[in-house]
Structure formats: C-alpha cells, structure tokens
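Visitor: Structure below; questions to follow.
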Amino acid sequence: MGPIDPEGGDMKAIVAGSPSSGSSSLNMTSPVVIVPVIDERPTVTTITVTGVDGTLQNNGEAASTTPAVQTPVVACAQPCGYSSAYVTNRMHNTQLGADPGGPGICAFILTLFSFLLILATFPLSLCFSVKVVQEYERAVIFRLGRLLKGGARGPGIFFIVPCIDTYRKVDLRTVSFDVPPQEILSRDSVTVAVDAVVYYRVQNPTIAVSNVENFSHSTRLLAATTLRNVLGTKNLAEILSERETISHTMQSSLDEATDPWGVKVERVEIKDVRLPVQLQRAMAAEAEAAREARAKVIAAEGEQKASRALRDAAEVIAESPAALQLRYLQTLNTISAEKNSTIIFPLPIDILKHFIKPSKVDKYDL
C-alpha cells in the first residue's frame with residue numbers, strides 16, 4: 001500500500017500480518033496499524049479504512065456492495081517544540097477549512113527578502129534584530145502572524161527578523177491589585193461593602209498572550225465577579241468571622257478559572273468589610289446592652305461575696321471585744337494618713353458601752 005497524503009500531511013500505512021509490503025490487498029483478519037510520518041508541522045488527521053481491498057473511503061461509506069469491515073484510526077501528533085496553544089490553533093484552523101500546511105509561497109518570499117535585507121544592511125541591522133529581555137520577562141514571537149515554535153524566548157538575548165516578526169514581552173513577577181469595593185447582599189439580606197486584594201503571576205507566557213486578549217484586565221474582572229458570587233452565599237456572621245475560609249475559596253475558584261489563560265492566582269485576602277451606619281449603631285447598642293448586663297451580674301455577685309465576708313468578720317469581732325478596738329484604731333490610722341481637713345476626736349469605747357444594750361451572752365456573764 002503506497003503513501004497516503006490527506007490534506008497535505010505525509011502518511012504511510014504499514015500492514016501487519018500481510019504476506020509482503022507490496023501487496024495491493026489487506027488481510028482483514030490481522031490488525032491494521034497506520035503510522036503517521038510527520039514532517040516539520042503538526043497534523044491532526046482522521047483516517048477510516050474500509051473494505052476488504054483496503055479502499056480509503058470518506059465518512060465510512062462503502063464504494064461497493066461488498067461487505068466491509070470498518071476500522072477507524074485517529075492519529076494526532078504534537079512534535080517537540082510546539083506549544084499546546086499552537087496545536088490548538090492549528091486544530092481550529094483545520095476545522096475551519098484553513099490551510100494546515102503552513103505559510104505559502106508569499107510568506108517564503110517575504111522571509112527570504114527579509115533575511116537578504118538583514119545581510120545587506122549588516123551590521124546596522126543588528127540594532128533592529130537583537131533584543132534583550134530581563135530575568136523576570138519572557139518574549140512571545142509571532143512571524144507573519146504565526147506563533148513560532150519553541151515557546152517564549154528569554155531571559156537574555158534573542159533575535160528577530162524586523163520586517164516579519166513581532167514580539168510581546170510578558171512580566172513573570174507577582175502582580176497585586178485591589179478589587180474595588182463591592183456592594184453585596186448577604187444570605188440574611190444585609191447589604192455590605194467588601195473589598196479584597198489579589199496576588200497573581202503569569203506561569204505560561206505563550207498561553208497568556210495567545211489565549212486571552214488582556215489577561216490582566218480579565219483577571220481583575222473575574223476577581224470582582226468571584227468576590228460577589230462567593231460572599232453572596234454567606235450570611236453576615238460568616239463574612240465577619242470566616243475571612244480566611246472565604247479567601248481560600250476565592251483563591252481556588254480564581255486559580256481554576258484563570259488556568260486556561262496561563263495565570264496562577266497565588267493569594268486572595270479580604271481587606272475590609274464595611275457595614276451601613278444604621279447597622280453599625282444597632283450592633284453597637286446590642287453589644288453595649290450585653291456588656292451592661294454582664295457588668296450588673298458581676299456586680300451582684302461581688303455584693304453577695306462581700307456581704308458574706310462582712311458577716312464572717314462581724315462574727316469574729318463579736319467573739320473578741322479587743323478586735324473591735326483594734327479595728328477602730330486601724331480606721332483612725334487610715335483616715336489620718338490622707339491629707340484632708342477632717343478633724344478626728346478619739347472617743348474611748350468604754351464610754352459607749354453604757355449606751356449599748358447588753359446581749360444575752362453579756363447578761364449571763366454578769
């Protein structure tokens with residue numbers, strides 16, 4: 001079986017189990033293996049072998065009334081050096097009916113003319129051909145609108161063809177931006193304004209340039225939308241107390257959504273939660289009332305403990321008459337230590353005994 005060239009790709013069919021390589025018929029009792037031989041461009045081809053005689057049919061339709069055995073084989077090759085974005089674009093162009101064989105004769109002529117112009121103006125052309133990118137940057141090069149194989153260039157020196165090449169620098173450093181305050185209606189119907197900060201970086205410059213028009217602007221819009229969606233499922237108490245959990249949820253959601261753009265979201269933090277003024281006053285009044293209630297309970301407990309202590313002290317003083325005299329002298333000492341204009345006249349306790357009614361214990365003592 002000879003070479004097959006569907007849509008410009010070089011394909012060779014090798015029949016396993018056939019008596020000889022030059023046989024014109026296929027032995028359908030043996031497996032049929034189709035090995036694609038790819039030239040220097042990626043090719044996505046679907047081949048269907050139909051019929052006992054090995055006839056290649058379209059869409060599996062038999063060319064004759066002979067019973068056929070249908071064996072579909074899908075061969076997809078991605079040579080080393082081509083990015084996934086390049087292969088995706090080529091597959092899309094193939095589906096649209098574009099030429100998958102690469103640039104035509106005009107592109108070849110323009111490329112040759114550009115190289116000749118560079119040689120003719122050497123070394124002046126080096127000023128336009130030699131470019132430098134920093135350690136934290138990468139350059140994505142397009143030649144006649146097509147992405148060059150090999151991925152992004154850098155860091156360091158790289159060369160371009162001034163007439164036909166264009167390139168775009170992509171910064172790989174971590175970028176931070178503030179999410180504008182979002183008016184959010186929580187699950188318990190409370191309106192709050194929440195703002196956040198997002199940290200991200202570009203992990204695949206080729207995809208970031210070819211798959212999205214402006215990855216930075218798109219990430220900012222997606223962060224604002226994600227913040228509203230995540231906080232809309234939480235009530236006010238959860239928003240105020242579970243900031244770390246909300247941040248992790250937002251980071252996971254953003255990272256999954258921006259992965260096709262070549263962007264890695266590293267961290268998301270909730271900065272501030274602003275409540276309406278009336279709600280702040282109501283919450284402050286509620287907190288103040290709760291604190292006053294706890295203060296009254298604590299004061300009542302203190303009074304109860306103090307009364308018990310005074311009762312115990314009175315019992316001790318009643319058992320020892322000298323204890324009352326000592327307490328009297330201690331009180332005088334305390335008053336005299338302060339700088340005031342109070343005049344104290346000591347009065348002996350014995351004089352007051354005649355005015356105090358004797359207790360039952362004193363009567364028995366007499």
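Going through the structure tokens in order, the chains are called A, B, and so on, while each chain numbers its residues from 1 and the ligands are numbered from 1 in the order shown.
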Going by DSSP on the backbone, which bits of region 135-287 of chain A are helix (DSSP H, G or I)? Write them as a PyMOL selection string, please.
Guide: chain A and resi 205-210+215-231+236-241+243-261+277-287
Visitor: Could you name the residues that touch Glu135 (chain A) at 10 Å or less, counting only C-alpha atoms, but leaving out those on the same chain fewer than 5 positions away, as a PyMOL selection string?
Guide: chain A and resi 154-156+171-173
Visitor: Output N, CA and C atoms for every residue in that selection, as a compact mmCIF listing (two decimals), in the first residue's frame.
Guide:
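Okay, this is what ended up in again_8.txt:
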# COMPACT_ATOMS: atom_id res chain seq x y z
N GLY A 154 13.82 33.98 26.22
CA GLY A 154 14.36 34.70 27.35
C GLY A 154 14.64 33.80 28.53
N PRO A 155 15.34 34.32 29.53
CA PRO A 155 15.87 35.69 29.59
C PRO A 155 17.18 35.83 28.81
N GLY A 156 17.56 37.06 28.51
CA GLY A 156 18.79 37.31 27.79
C GLY A 156 18.54 37.84 26.39
N ASP A 171 5.65 39.97 31.72
CA ASP A 171 6.31 40.03 33.02
C ASP A 171 5.87 38.82 33.86
N LEU A 172 6.85 38.09 34.41
CA LEU A 172 6.56 36.89 35.19
C LEU A 172 6.50 37.17 36.69
N ARG A 173 6.72 38.39 37.11
CA ARG A 173 6.70 38.69 38.54
C ARG A 173 5.26 38.70 39.08
Visitor: So that I can see what lies close to Leu275 (chain A), please list as an MDAnalysis selection string the residues with an atom at most 8 Å from it, counting only C-alpha atoms and leaving out residues fewer than 2 positions away in the same chain.
Guide: chainID A and resid 191:193 273 277 279:280
Visitor: Would you save the residues from that selection as a short mmCIF file (atom, residue, chain, number, x, y, z; two decimals), in the first residue's frame, using N, CA and C atoms?
Guide:
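File written: selection.cif
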data_model
loop_
_atom_site.label_atom_id
_atom_site.label_comp_id
_atom_site.auth_asym_id
_atom_site.auth_seq_id
_atom_site.Cartn_x
_atom_site.Cartn_y
_atom_site.Cartn_z
N THR A 191 -26.88 44.33 53.45
CA THR A 191 -26.03 44.92 52.43
C THR A 191 -24.71 45.34 53.05
N VAL A 192 -23.61 44.82 52.51
CA VAL A 192 -22.27 45.15 53.00
C VAL A 192 -21.39 45.49 51.80
N ALA A 193 -20.36 46.28 52.06
CA ALA A 193 -19.37 46.64 51.04
C ALA A 193 -18.05 45.96 51.40
N VAL A 273 -14.54 44.95 55.51
CA VAL A 273 -15.99 44.73 55.40
C VAL A 273 -16.66 45.93 56.03
N VAL A 277 -24.25 52.52 58.30
CA VAL A 277 -24.13 53.26 59.56
C VAL A 277 -25.23 52.85 60.53
N LEU A 279 -26.78 50.00 60.72
CA LEU A 279 -26.48 48.67 61.23
C LEU A 279 -25.34 48.71 62.24
N GLN A 280 -24.36 49.57 62.02
CA GLN A 280 -23.28 49.71 62.99
C GLN A 280 -23.81 50.22 64.33
#
Visitor: CA of Gln251 (chain A) to CA of Gln134 (chain A): how many Å, to one decimal?
Guide: 28.8 Å
Visitor: Skipping near chain neighbours, those fewer than 6 positions away, what residues fall within 9 Å of Cys163 (chain A) using only C-alpha atoms, listed as a list in words?
Guide: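 Skipping anything fewer than 6 positions along the chain leaves Leu110, Thr111 and Ser114 of chain A.
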